[in-house]
file my_file-v6.tsv (TSV, C-alpha atoms)
chain	number	residue	atom	x	y	z
B	235	MET	CA	121.62	121.07	-1.76
B	236	THR	CA	120.37	124.65	-1.41
B	237	GLU	CA	116.72	123.48	-1.55
B	238	LYS	CA	117.32	121.13	1.36
B	239	ARG	CA	119.05	123.86	3.36
B	240	GLY	CA	116.21	126.29	2.59
B	241	LYS	CA	113.53	123.83	3.80
B	242	LEU	CA	115.54	123.11	6.94
B	243	LEU	CA	115.95	126.82	7.66
B	244	LEU	CA	112.24	127.41	7.04
B	245	GLY	CA	111.42	124.57	9.48
B	246	PHE	CA	113.64	126.13	12.16
B	247	ILE	CA	111.74	129.40	11.76
B	248	ILE	CA	108.14	128.14	11.47
B	249	ILE	CA	108.10	125.49	14.23
B	250	PRO	CA	109.34	127.80	17.04
B	251	ALA	CA	107.00	130.55	15.85
B	252	VAL	CA	103.99	128.22	16.07
B	253	LEU	CA	105.01	126.89	19.50
B	254	PHE	CA	105.63	130.40	20.80
B	255	SER	CA	102.23	131.61	19.63
B	256	LEU	CA	100.43	128.66	21.23
B	257	SER	CA	102.17	129.11	24.58
B	258	GLY	CA	100.68	132.57	25.03
B	259	ILE	CA	97.05	131.48	24.80
B	260	ALA	CA	95.35	132.62	28.00
B	261	PRO	CA	92.55	130.68	29.65
B	262	SER	CA	89.17	132.30	29.15
B	263	GLU	CA	87.56	131.24	32.43
B	264	TYR	CA	87.71	133.73	35.27
B	265	HIS	CA	86.76	132.69	38.80
B	266	VAL	CA	85.81	134.94	41.70
B	267	TYR	CA	86.88	134.19	45.28
B	268	ILE	CA	85.95	136.11	48.43
B	269	GLY	CA	87.89	135.54	51.62
B	270	VAL	CA	89.84	137.03	54.52
B	271	VAL	CA	93.60	137.53	54.13
B	272	VAL	CA	95.62	135.39	56.58
B	273	GLY	CA	99.07	135.82	55.05
B	274	VAL	CA	100.91	138.11	52.65
B	275	GLU	CA	104.25	137.39	51.00
B	276	PRO	CA	105.95	139.18	48.08
B	277	LYS	CA	104.19	137.13	45.37
B	278	ILE	CA	101.63	135.13	47.36
B	279	ILE	CA	98.43	135.99	49.21
B	280	ARG	CA	96.85	133.38	51.48
B	281	THR	CA	93.15	133.67	52.27
B	282	ARG	CA	90.57	131.84	54.37
B	283	GLY	CA	87.18	131.21	52.77
B	284	LYS	CA	83.75	130.85	54.35
B	285	ASP	CA	84.27	127.12	54.90
B	286	GLY	CA	87.57	127.71	56.73
B	287	THR	CA	89.91	126.36	54.07
B	288	ILE	CA	93.03	128.34	53.26
B	289	SER	CA	93.71	129.07	49.59
B	290	VAL	CA	96.90	130.37	47.98
B	291	PHE	CA	96.82	132.98	45.22
B	292	TRP	CA	99.76	134.22	43.14
B	293	VAL	CA	100.08	137.92	42.33
B	294	GLY	CA	102.43	139.54	39.86
B	295	ARG	CA	102.97	142.38	37.44
B	296	LYS	CA	99.71	141.65	35.58
B	297	THR	CA	97.59	141.90	38.73
B	298	HIS	CA	95.27	144.91	38.73
B	299	TRP	CA	95.00	146.37	42.25
B	300	LYS	CA	91.56	148.05	42.29
B	301	SER	CA	92.11	149.40	45.80
B	302	GLY	CA	95.60	150.64	44.92
B	303	ARG	CA	97.51	148.69	47.57
B	304	ILE	CA	98.37	145.24	48.89
B	305	PRO	CA	95.80	144.01	51.44
B	306	HIS	CA	96.72	143.63	55.10
B	307	ILE	CA	96.09	140.57	57.25
B	308	GLY	CA	92.47	140.49	58.40
B	309	GLU	CA	90.99	142.38	55.44
B	310	LYS	CA	88.22	140.87	53.36
B	311	VAL	CA	89.10	140.71	49.65
B	312	ARG	CA	87.49	139.76	46.36
B	313	MET	CA	89.81	138.24	43.79
B	314	LYS	CA	89.21	137.55	40.14
B	315	TYR	CA	91.65	134.81	39.10
B	316	VAL	CA	92.52	132.25	36.44
B	317	LYS	CA	94.48	129.04	36.45
B	318	ASP	CA	97.87	129.74	34.86
B	319	ARG	CA	100.02	127.32	32.86
B	320	LEU	CA	101.39	125.82	36.08
B	321	HIS	CA	97.83	125.33	37.43
B	322	ARG	CA	98.27	128.02	40.09
B	323	ASN	CA	95.59	130.54	41.04
B	324	ALA	CA	96.88	133.65	39.27
B	325	VAL	CA	95.13	136.83	40.43
B	326	VAL	CA	93.95	139.12	37.65
B	327	GLU	CA	92.10	141.67	39.78
B	328	LEU	CA	92.09	142.22	43.55
B	329	THR	CA	89.65	144.43	45.46
B	330	ILE	CA	89.74	145.11	49.21
B	331	LEU	CA	86.17	144.96	50.51
B	332	LYS	CA	86.49	145.81	54.21
B	333	LYS	CA	88.53	145.42	57.36
B	334	CYS	CA	87.48	142.26	59.18
B	335	HIS	CA	88.41	141.49	62.80
B	336	GLU	CA	88.92	137.78	63.37
B	337	LYS	CA	88.26	136.26	66.76

call {"tool": "encode", "arguments": {"input": "my_file-v6.tsv", "output": "structure tokens"}}
result
Amino acid sequence: MTEKRGKLLLGFIIIPAVLFSLSGIAPSEYHVYIGVVVGVEPKIIRTRGKDGTISVFWVGRKTHWKSGRIPHIGEKVRMKYVKDRLHRNAVVELTILKKCHEK
């Protein structure tokens, strides 16, 4: 009886540990996007690319702000991002390139 309980307890420890370690695997592909900021919200930055499409990027506590601040509407930015577990564009690094006046 104690052997069965020991194997069951070991299973309850090993299986969650394996699942927890696999869930933290980060994607290795970084993408770079350059665009003009058209909207800023607490955790979202919306940008317009060269072709005119608007893209949404998620920022958070792991985002490295190279310019030291959140960009304003109309500024040109370069973002290094990855696809997170929810398939969102998660910004890893954001750099403000220049102020851009839209017409």

call {"tool": "closest_residue", "arguments": {"input": "my_file-v6.tsv", "among": "B:Ile248, B:Lys333, B:Gly269, B:Arg322", "to": "Lys284 of chain B", "atoms": "only C-alpha atoms"}}
result
B:Gly269

call {"tool": "closest_residue", "arguments": {"input": "my_file-v6.tsv", "among": "B:Gly245, B:His321, B:Thr329, B:Arg280", "to": "Lys300 of chain B", "atoms": "all atoms listed in the file"}}
result
B:Thr329

call {"tool": "residues_near_point", "arguments": {"input": "my_file-v6.tsv", "point": "(95.8, 132.0, 38.4)", "cutoff": "10 Å", "atoms": "all atoms listed in the file", "output": "MDAnalysis selection string"}}
result
chainID B and resid 261 264:265 290:293 314:326

call {"tool": "atom_distance", "arguments": {"input": "my_file-v6.tsv", "atom1": "atom CA of Lys296 of chain B", "atom2": "atom CA of Pro250 of chain B"}}
result
25.1 Å

call {"tool": "atom_distance", "arguments": {"input": "my_file-v6.tsv", "atom1": "atom CA of Leu331 of chain B", "atom2": "atom CA of Ile279 of chain B"}}
result
15.2 Å

call {"tool": "atom_distance", "arguments": {"input": "my_file-v6.tsv", "atom1": "atom CA of Ser301 of chain B", "atom2": "atom CA of Glu327 of chain B"}}
result
9.8 Å

call {"tool": "closest_residue", "arguments": {"input": "my_file-v6.tsv", "among": "B:Arg295, B:Arg312, B:Lys238, B:Arg303", "to": "Val270 of chain B", "atoms": "only C-alpha atoms"}}
result
B:Arg312

call {"tool": "closest_residue", "arguments": {"input": "my_file-v6.tsv", "among": "B:Pro276, B:Val271, B:Thr287, B:Lys241", "to": "Glu309 of chain B", "atoms": "only C-alpha atoms"}}
result
B:Val271
